[in-house]
Amino acid sequence: MGRHQSPAPYATDVARSRPRARRRTVAIATVLVLGVATGAGVAAKQGLLTFAGACEDDAVRVDVLASPDIAPALDEAADRARDQDVTSDGRCLDVRVQSKEAHKVAGSLQATDSPEFEVWVPDSDLWVDRAGLGDDGVPLTPAGNIASSPVTMGMVPSAADSAGWPEKRYTWAELTALATEDDKVRLGAADPARSASGLLALTKIGESAAKAEGPESDTQVAATAKLLAQRVSDSDTHALETVARDDSGTEQGNPRRNQALIVSEQAAFAHNRSANQDGRLELFYPKDGAPRLDYPYTLVDEPGMSTDESRAALRFMTLLGEEDSRGVFEKHGFRTGTQDPSEDLVTAAGGREPQPYATASAEPPSPKDLQATLGMWTITVQSARLTTVVDVSNSMGRTVPARGQSRLEVTKASLTKALSQFTSEDEIGVWEFATYLDGERDYRKLVDTRRLGDSAGNGTTQRERLIAAYGALQPKPGYTGLYDTTLAAYKDAQKSYVKGKFNALVILTDGANQDPGSISRAALVKELKRLADPKRPVPLIAIAVGPDADKNEVQEIAAATGGTGYQIDDPAQMQEVILKAIIAAGGN
């Protein structure tokens with residue numbers, strides 16, 4: 001079957017026949033595509049491309065998958081193109097727009113090599129990054145951003161007035177504290193694992209809290225995440241449905257209703273069009289910067305497109321930058337271009353001076369920052385139960401180039417730093433392994449897996465006991481007894497499985513198995529597959545450290561449990577990799 005199993009009667013697009021290409025570097029591809037797009041615009045102005053008029057008997061079809069918020073505007077632009085007989089190289093444009101939440105599309109692109117659409121317009125480029133995590137798969141080529149909308153905090157009028165709107169201006173940290181300090185104002189959001197607005201805001205809250213002074217500034221983001229987890233909605237649309245509809249006691253006293261909401265300006269614009277006066281949202285634009293949804297126009301598997309498809313897709317993008325299309329976007333509540341937003345748009349969305357709606361834009365967070373926030377969210381929403389198993393064989397005493405410390409010293413510092421990402425409700429323990437550490441056993445349990453907030457005796461907590469245990473780790477004379485240790489630790493983690501928590505086993509090693517008397521690799525993998533229970537999942541997160549480690553080995557062992565194997569050159573990368581692994585395993 002072709003890409004379009006039910007084409008329009010006049011669509012005669014040729015099925016793709018070129019082989020799939022490996023994913024290219026996005027930066028290079030983007031430059032190339034932007035060059036083509038710019039050239040198309042110049043050619044159009046010079047009359048080299050037909051923009052309207054008589055079409056050939058057939059049309060070139062372009063399927064566009066877009067986030068639900070921007071899909072209606074794109075659909076209107078596509079209808080206008082058909083009504084005006086807009087063409088690309090003499091063939092009419094037949095653009096079909098469908099809506100689908102970006103997190104679902106990102107997941108599907110990782111699972112297929114045959115997408116049935118040429119263009120994807122998610123609400124944020126973070127989804128393009130998420131879909132492109134693997135080395136292979138569908139090539140994605142961002143060609144430019146077609147609209148934007150800042151992420152803000154909206155409040156119903158009664159709550160906004162109490163907070164001093166519109167005159168009073170706050171940072172993200174101050175605004176979040178204000179919206180969570182008592183039960184009179186309930187703060188809601190869409191799930192940061194599924195919503196760009198939720199994830200961008202939570203990342204910005206963390207950045208803002210880190211800059212704040214005070215003994216609790218470093219824990220504010222985790223506390224906010226805990227609170228939001230109790231009031232989170234599975235999508236931006238459902239989050240808006242939680243807003244109190246009016247100022248009545250019934251609505252304000254309803255525990256399912258929110259008086260404050262993390263929301264994009266465009267979503268507030270759409271909400272306010274149908275809300276009554278007491279149920280409108282009035283927007284606070286944080287003075288330390290509002291992250292933006294940026295709506296990247298992304299070509300999907302561009303190397304596999306026909307020439308007609310590729311040029312038609314770029315032609316539609318050029319059309320979206322024209323004045324008529326910008327008017328369509330603004331009518332739907334989106335900002336376009338680099339000019340200040342229209343006052344009418346901002347007012348309709350709930351903004352008003354002196355709120356810094358024109359100037360308070362924030363630099364987009366890095367993928368690393370977003371990953372760290374998502375990892376923290378995953379851990380916070382579903383408390384973790386992790387057993388860390390650390391290689392202390394003789395080779396862990398080798399020096400890490402350019403650091404002047406041994407592999408084990410850097411590993412210990414990284415593990416201690418990673419503890420700061422976990423709450424008092426999370427459960428963590430630690431084992432060490434080499435060969436013959438405990439009689440015939442290659443491993444030794446140092447600290448049982450328990451809640452970090454539990455008392456460990458002598459006035460210390462489990463967290464403090466773990467920090468001390470990590471600090472006391474030293475290289476041993478033995479070698480790497482990886483296989484027997486892995487099997488024993490996995491059995492122990494399964495036996496102590498706690499329902500309702502994110503259970504996982506984390507193994508850190510710098511080498512391949514060196515115990516000739518242990519179980520074989522093939523036997524280990526077979527036994528792990530037999531033990532793995534989908535109803536009691538314990539994914540293995542295996543991290544191979546340094547050039548001597550066997551990446552293929554840890555990947556095969558981890559995959560047997562539904563987990564993931566990684567290889568890193570520097571143990572300092574361990575915290576980042578653990579968070580990345582938790583995101584992947586938590587998604588599974």
# chains A, B, ... in the order shown; residues from 1 in each chain; ligands from 1
>>> residues_around(residues="Gln371 of chain A", least_positions_apart="6", cutoff="12 Å", atoms="only C-alpha atoms", output="list in words")
Leu126, Trp127, Asp129, Arg130, Leu133, Pro192, Ala193, Leu199, Leu200, Leu202, Thr203, Pro365, Trp377, Thr378, Gln575, Glu576, Val577, Ile578, Leu579, Lys580, Ala581, Ile582, Ile583 and Ala584 of chain A
>>> residues_around(residues="Arg398 of chain A", least_positions_apart="4", cutoff="8 Å", atoms="only C-alpha atoms", output="ChimeraX atom specification")
/A:394,406-407
>>> write_last_selection(atoms="all heavy atoms", output="mmCIF file, in the first residue's frame")
data_model
loop_
_atom_site.group_PDB
_atom_site.id
_atom_site.type_symbol
_atom_site.label_atom_id
_atom_site.label_comp_id
_atom_site.auth_asym_id
_atom_site.auth_seq_id
_atom_site.Cartn_x
_atom_site.Cartn_y
_atom_site.Cartn_z
ATOM 1 N N ASN A 394 39.567 -3.438 40.753
ATOM 2 C CA ASN A 394 40.837 -2.730 40.737
ATOM 3 C C ASN A 394 40.915 -1.662 39.650
ATOM 4 O O ASN A 394 41.475 -0.585 39.854
ATOM 5 C CB ASN A 394 41.976 -3.740 40.544
ATOM 6 C CG ASN A 394 43.340 -3.094 40.659
ATOM 7 O OD1 ASN A 394 43.636 -2.450 41.653
ATOM 8 N ND2 ASN A 394 44.167 -3.265 39.638
ATOM 9 N N SER A 406 40.334 9.287 40.170
ATOM 10 C CA SER A 406 40.063 7.937 39.694
ATOM 11 C C SER A 406 38.627 7.819 39.210
ATOM 12 O O SER A 406 37.768 8.639 39.538
ATOM 13 C CB SER A 406 40.313 6.926 40.816
ATOM 14 O OG SER A 406 39.302 7.040 41.815
ATOM 15 N N ARG A 407 38.365 6.759 38.435
ATOM 16 C CA ARG A 407 36.999 6.507 37.982
ATOM 17 C C ARG A 407 36.046 6.392 39.159
ATOM 18 O O ARG A 407 34.918 6.898 39.115
ATOM 19 C CB ARG A 407 36.958 5.210 37.164
ATOM 20 C CG ARG A 407 37.690 5.268 35.838
ATOM 21 C CD ARG A 407 37.709 3.894 35.170
ATOM 22 N NE ARG A 407 38.463 3.913 33.920
ATOM 23 C CZ ARG A 407 38.759 2.836 33.215
ATOM 24 N NH1 ARG A 407 38.374 1.625 33.656
ATOM 25 N NH2 ARG A 407 39.434 2.917 32.095
#
>>> residues_around(residues="segment 243-251 of chain A", least_positions_apart="3", cutoff="9 Å", atoms="only C-alpha atoms", output="ChimeraX atom specification")
/A:155-158,188,239-240,254-261,275-281
>>> select_by_dssp(residues="segment 248-332 of chain A", states="strand (DSSP E or B)", output="ChimeraX atom specification")
/A:258,260-264,282-284,290,292-293,296-300
>>> residues_around(residues="Ala270 of chain A", least_positions_apart="4", cutoff="12 Å", atoms="only C-alpha atoms", output="MDAnalysis selection string")
chainID A and resid 69:70 72 236:237 240:241 263:266 274:275 280:281 330:334 345:346 348:350
>>> closest_residue(among="A:Ala434, A:Ala559, A:Leu528, A:Ala160", to="Asp515 of chain A", atoms="only C-alpha atoms")
A:Ala434
>>> select_by_dssp(residues="segment 380-460 of chain A", states="helix (DSSP H, G or I)", output="ChimeraX atom specification")
/A:380-381,394-397,407-419
>>> atom_distance(atom1="atom CA of Arg61 of chain A", atom2="atom CA of Asp75 of chain A")
13.8 Å
>>> atom_distance(atom1="atom CA of Val86 of chain A", atom2="atom CA of Glu118 of chain A")
18.4 Å
>>> residues_around(residues="segment 168-179 of chain A", least_positions_apart="4", cutoff="6 Å", atoms="only C-alpha atoms", output="PyMOL selection string")
chain A and resi 164+185+205+208-209+286-288
>>> write_last_selection(atoms="all heavy atoms", output="CSV table (one decimal), in the first residue's frame")
chain,number,residue,atom,x,y,z
A,164,GLY,N,-2.7,41.0,43.1
A,164,GLY,CA,-2.3,42.4,42.6
A,164,GLY,C,-2.2,42.6,41.1
A,164,GLY,O,-1.5,43.5,40.7
A,185,VAL,N,-6.1,29.1,46.7
A,185,VAL,CA,-5.8,29.1,45.3
A,185,VAL,C,-5.2,27.7,45.0
A,185,VAL,O,-4.2,27.3,45.5
A,185,VAL,CB,-4.8,30.2,44.9
A,185,VAL,CG1,-4.4,30.1,43.5
A,185,VAL,CG2,-5.4,31.5,45.2
A,205,ILE,N,10.6,27.2,36.4
A,205,ILE,CA,10.4,27.3,37.9
A,205,ILE,C,11.7,26.9,38.6
A,205,ILE,O,12.1,27.5,39.6
A,205,ILE,CB,9.2,26.5,38.3
A,205,ILE,CG1,7.9,27.2,37.8
A,205,ILE,CG2,9.1,26.4,39.9
A,205,ILE,CD1,6.7,26.3,38.0
A,208,SER,N,14.3,29.5,38.1
A,208,SER,CA,14.0,30.7,39.0
A,208,SER,C,14.3,30.4,40.4
A,208,SER,O,14.8,31.2,41.1
A,208,SER,CB,12.6,31.1,38.7
A,208,SER,OG,12.2,32.2,39.5
A,209,ALA,N,13.9,29.2,40.9
A,209,ALA,CA,14.1,28.9,42.3
A,209,ALA,C,15.6,28.8,42.6
A,209,ALA,O,16.0,29.1,43.7
A,209,ALA,CB,13.4,27.5,42.6
A,286,PRO,N,5.7,36.2,33.9
A,286,PRO,CA,6.8,36.3,34.9
A,286,PRO,C,7.9,37.2,34.4
A,286,PRO,O,8.3,37.2,33.2
A,286,PRO,CB,7.3,34.9,35.0
A,286,PRO,CG,6.1,34.0,34.7
A,286,PRO,CD,5.4,34.8,33.6
A,287,LYS,N,8.4,38.1,35.3
A,287,LYS,CA,9.4,39.1,34.9
A,287,LYS,C,10.8,38.5,34.6
A,287,LYS,O,11.6,39.1,34.0
A,287,LYS,CB,9.5,40.1,36.0
A,287,LYS,CG,10.0,39.7,37.3
A,287,LYS,CD,9.9,40.8,38.3
A,287,LYS,CE,10.4,40.4,39.7
A,287,LYS,NZ,10.4,41.5,40.7
A,288,ASP,N,11.0,37.2,35.0
A,288,ASP,CA,12.3,36.6,34.7
A,288,ASP,C,12.2,35.7,33.4
A,288,ASP,O,13.1,34.9,33.2
A,288,ASP,CB,12.8,35.7,35.9
A,288,ASP,CG,11.8,34.8,36.4
A,288,ASP,OD1,10.7,34.8,36.0
A,288,ASP,OD2,12.2,33.9,37.3
>>> closest_residue(among="A:Phe284, A:Trp120, A:Tyr479, A:Tyr436", to="Ile146 of chain A", atoms="only C-alpha atoms")
A:Trp120
>>> atom_distance(atom1="atom CA of Glu343 of chain A", atom2="atom CA of Ala358 of chain A")
9.7 Å
>>> residues_around(residues="Gly289 of chain A", least_positions_apart="3", cutoff="8 Å", atoms="only C-alpha atoms", output="tab-separated table (two decimals) with all heavy atoms, in the first residue's frame")
chain	number	residue	atom	x	y	z
A	171	THR	N	8.51	36.89	39.74
A	171	THR	CA	9.32	35.86	39.08
A	171	THR	C	8.53	34.56	39.07
A	171	THR	O	7.50	34.43	39.75
A	171	THR	CB	10.65	35.63	39.82
A	171	THR	OG1	10.36	35.08	41.12
A	171	THR	CG2	11.44	36.93	39.97
A	285	TYR	N	2.70	37.44	33.35
A	285	TYR	CA	3.88	37.14	32.55
A	285	TYR	C	5.10	37.29	33.45
A	285	TYR	O	5.47	38.42	33.80
A	285	TYR	CB	4.00	38.09	31.36
A	285	TYR	CG	2.86	37.98	30.36
A	285	TYR	CD1	1.61	38.55	30.62
A	285	TYR	CD2	3.03	37.31	29.15
A	285	TYR	CE1	0.57	38.46	29.70
A	285	TYR	CE2	2.00	37.20	28.22
A	285	TYR	CZ	0.77	37.79	28.51
A	285	TYR	OH	-0.27	37.69	27.60
A	286	PRO	N	5.71	36.20	33.91
A	286	PRO	CA	6.81	36.31	34.88
A	286	PRO	C	7.92	37.23	34.38
A	286	PRO	O	8.33	37.17	33.22
A	286	PRO	CB	7.29	34.86	35.03
A	286	PRO	CG	6.07	34.04	34.72
A	286	PRO	CD	5.39	34.79	33.62
A	360	ALA	N	9.08	40.15	28.25
A	360	ALA	CA	9.50	39.07	29.16
A	360	ALA	C	9.56	37.73	28.45
A	360	ALA	O	8.80	36.82	28.73
A	360	ALA	CB	8.57	38.98	30.37
A	361	SER	N	10.47	37.63	27.48
A	361	SER	CA	10.68	36.34	26.83
A	361	SER	C	11.93	35.70	27.41
A	361	SER	O	12.84	36.39	27.86
A	361	SER	CB	10.82	36.50	25.32
A	361	SER	OG	11.92	37.33	25.02
A	362	ALA	N	11.96	34.38	27.42
A	362	ALA	CA	13.08	33.67	28.03
A	362	ALA	C	13.83	32.89	26.97
A	362	ALA	O	13.27	32.43	25.98
A	362	ALA	CB	12.56	32.71	29.10
A	363	GLU	N	15.13	32.75	27.17
A	363	GLU	CA	15.91	31.88	26.32
A	363	GLU	C	15.38	30.44	26.47
A	363	GLU	O	15.08	30.01	27.58
A	363	GLU	CB	17.38	31.92	26.71
A	363	GLU	CG	18.09	33.21	26.31
A	363	GLU	CD	18.17	33.37	24.80
A	363	GLU	OE1	18.43	32.37	24.11
A	363	GLU	OE2	17.94	34.50	24.32
>>> closest_residue(among="A:Thr242, A:Ser518, A:Ser233, A:Asn503", to="Gly563 of chain A", atoms="only C-alpha atoms")
A:Asn503
>>> closest_residue(among="A:Lys476, A:Arg450, A:Lys368, A:Lys417", to="Gly429 of chain A", atoms="only C-alpha atoms")
A:Arg450
>>> residues_around(residues="Leu446 of chain A", least_positions_apart="4", cutoff="8 Å", atoms="only C-alpha atoms", output="ChimeraX atom specification")
/A:429-432,469
>>> write_last_selection(atoms="N, CA, C and O atoms", output="compact mmCIF listing (two decimals), in the first residue's frame")
# COMPACT_ATOMS: atom_id res chain seq x y z
N GLY A 429 19.20 2.11 47.82
CA GLY A 429 20.18 1.34 48.54
C GLY A 429 21.43 1.19 47.70
O GLY A 429 21.47 1.63 46.54
N VAL A 430 22.48 0.56 48.25
CA VAL A 430 23.72 0.43 47.49
C VAL A 430 24.40 -0.91 47.78
O VAL A 430 24.42 -1.38 48.92
N TRP A 431 24.91 -1.54 46.71
CA TRP A 431 25.76 -2.71 46.77
C TRP A 431 27.10 -2.32 46.15
O TRP A 431 27.19 -1.37 45.38
N GLU A 432 28.14 -3.12 46.47
CA GLU A 432 29.41 -3.02 45.75
C GLU A 432 29.77 -4.40 45.22
O GLU A 432 29.31 -5.41 45.74
N ALA A 469 28.14 5.99 52.69
CA ALA A 469 28.52 4.74 52.05
C ALA A 469 29.17 4.98 50.69
O ALA A 469 30.17 4.32 50.35
